[in-house]
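Read through the structure below, which is laid out as structure tokens, and then see the notes.
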Amino acid sequence: MKDDVMKPDEASEAPLTLQQKIVKELREWGITLSIFVPIFLIFSGLVYELRVIPSESMVPNLQVGDRVTVNKFAYGYSRNSLPFSLGRYVPLPEGRIFAGTPERGDVAGFEHTHTPRVMIKRIIGLPGDTVIVRDGQPVAINGVPIERTFDRRIRYRQYDNGRYVTAAEFTESYDGKSWVAHDIDGETGTSISVVFQVPEKHYLFMGDNRDNSMDGRNLTGHCPANDDGVIDQAGCPPRGGTLPEQASVGFVPFQNLIGRADTVLFSFYRCSRADAEPCMKKRVWRGL
């Protein structure tokens, strides 16, 4: 009787050693990451980018901790469209390609004019607009005040200092668009009266939480006013030796815009009515 001979393909594989298992696992992870990372970079660079809201400057529409999708193809692409602020370091030409037109009232993500910080605010002034900001009065655009309708008065706890404040909530309307804004009782906000003439290819941004927003109304990031008292230039260093990290955004160049903030995907910030917090009714997949 002949001995059975085991064919090579019938032989069972020898068990892997611990070291071989680790090497195999690392190799599989390396292959996965080599596929996933380029896809992620292409997606976040060309389509949508996820941003986290760090402050209360856009309350009540955006809360601290909201994860917001920024639509990059809405305004086209510039060097600032690259993720991780790489546009400041990669030698790419100025300007935009496939440029779309931002609209007044859009909530947009943009790179700060004096630092690499990314901010999300609302577009109030378009190129060529005359915007008048005076304490205690509605913002006026091209001689027409933004219409404000009082909605309610609410009390809530501020995120950064835990202080309870009372705010008047308004619906603001201009040129067919509406949004909700806050004025905090007893706060003077920007404490200025100034006229802005928005330069070409620039935009003026404001936060919806008007008394708790470091935005385009603050003068530290703007050029000095002209002989008529109008601020109409862009590109100057911060005023009076103000550090770039402490300066306002000034007029934001079109090329600094990253995209339009379209949707709140979800939020990790617990919004408790027991704390009298002005919770949004829907905290997941909410359009802006």
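Simple scheme: letters A, B, ... for chains in structure tokens order, numbers from 1 for residues in each chain, numbers from 1 for ligands in the order shown.
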
Produce a table with one row for each residue of range 24-114 of chain A that has an atom at most 8 Å from any atom of range 260-266 of chain A, each row naming the nearest atom pair and its distance in Å at one decimal; use only C-alpha atoms; arrange rows by chain and rising residue number; format as a Markdown table.
```
| residue | atom | partner | partner_atom | distance |
| --- | --- | --- | --- | --- |
| A:Asp66 | CA | A:Phe266 | CA | 6.0 |
| A:Arg67 | CA | A:Phe266 | CA | 5.5 |
| A:Val68 | CA | A:Val264 | CA | 4.5 |
| A:Thr69 | CA | A:Thr263 | CA | 5.4 |
| A:Val70 | CA | A:Ala261 | CA | 4.3 |
| A:Asn71 | CA | A:Arg260 | CA | 5.0 |
| A:Lys72 | CA | A:Arg260 | CA | 6.7 |
| A:Ala74 | CA | A:Arg260 | CA | 6.3 |
| A:Tyr75 | CA | A:Arg260 | CA | 7.3 |
| A:Asp106 | CA | A:Arg260 | CA | 6.8 |
| A:Val107 | CA | A:Ala261 | CA | 5.4 |
| A:Ala108 | CA | A:Arg260 | CA | 4.3 |
| A:Gly109 | CA | A:Arg260 | CA | 6.2 |
```

Handout entry: Selection near Ile124 in chain A, 8 Å with only C-alpha atoms, sequence-local residues under 2 positions removed, as a PyMOL selection string
Key = chain A and resi 104-105+122+126+203-206

Would you export the selected residues with C-alpha atoms as an mmCIF file, in the first residue's frame, please?
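Dumped everything to again_23.cif:
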```cif
data_model
loop_
_atom_site.group_PDB
_atom_site.id
_atom_site.type_symbol
_atom_site.label_atom_id
_atom_site.label_comp_id
_atom_site.auth_asym_id
_atom_site.auth_seq_id
_atom_site.Cartn_x
_atom_site.Cartn_y
_atom_site.Cartn_z
ATOM 1 C CA ARG A 104 -25.708 88.845 1.190
ATOM 2 C CA GLY A 105 -26.951 86.814 4.127
ATOM 3 C CA ARG A 122 -22.539 86.153 7.952
ATOM 4 C CA LEU A 126 -20.977 93.122 -0.702
ATOM 5 C CA TYR A 203 -16.765 91.472 1.836
ATOM 6 C CA LEU A 204 -17.879 92.745 5.240
ATOM 7 C CA PHE A 205 -18.782 90.028 7.756
ATOM 8 C CA MET A 206 -20.729 90.225 11.020
#
```

Review point. Where does DSSP see strand (DSSP E) in range 16-87 of chain A, if you list the residues as a PyMOL selection string?
Key: chain A and resi 48-52+66-71

Taken to one decimal, the CA of Gly216 in chain A-CA of Asp232 in chain A distance is 12.5 Å

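Note that the spacing between CA of Asp211 in chain A and CA of Glu169 in chain A amounts to 11.9 Å.
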
- prompt: What lies within 12 Å of Phe43 in chain A using only C-alpha atoms, ignoring chain neighbours under 3 positions off, as a VMD selection string?
  reply: chain A and resid 36 to 40 46 to 50 69 to 73 81 to 83

Those residues you just picked out, can you put them in a file as a CSV table (one decimal), in the first residue's frame with C-alpha atoms?
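Listed below is the output, again_22.csv:
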```
chain,number,residue,atom,x,y,z
A,36,PHE,CA,-8.4,56.7,2.5
A,37,VAL,CA,-6.1,59.7,3.1
A,38,PRO,CA,-5.9,60.9,-0.6
A,39,ILE,CA,-9.7,60.5,-0.9
A,40,PHE,CA,-10.2,62.5,2.3
A,46,LEU,CA,-12.7,70.2,-3.4
A,47,VAL,CA,-16.1,69.4,-2.1
A,48,TYR,CA,-17.0,69.8,1.6
A,49,GLU,CA,-15.0,70.6,4.7
A,50,LEU,CA,-16.1,70.0,8.3
A,69,THR,CA,-20.3,71.5,6.6
A,70,VAL,CA,-18.6,74.2,4.4
A,71,ASN,CA,-19.6,73.9,0.7
A,72,LYS,CA,-16.4,74.7,-1.2
A,73,PHE,CA,-17.7,74.5,-4.7
A,81,SER,CA,-9.5,76.2,-0.4
A,82,LEU,CA,-6.7,73.9,0.5
A,83,PRO,CA,-7.3,72.1,3.9
```

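Candidate residues A:Ile35, A:Val249, A:Val284, A:Ala225 were compared for distance to Gly65 in chain A, and the nearest is A:Val284, using only C-alpha atoms.
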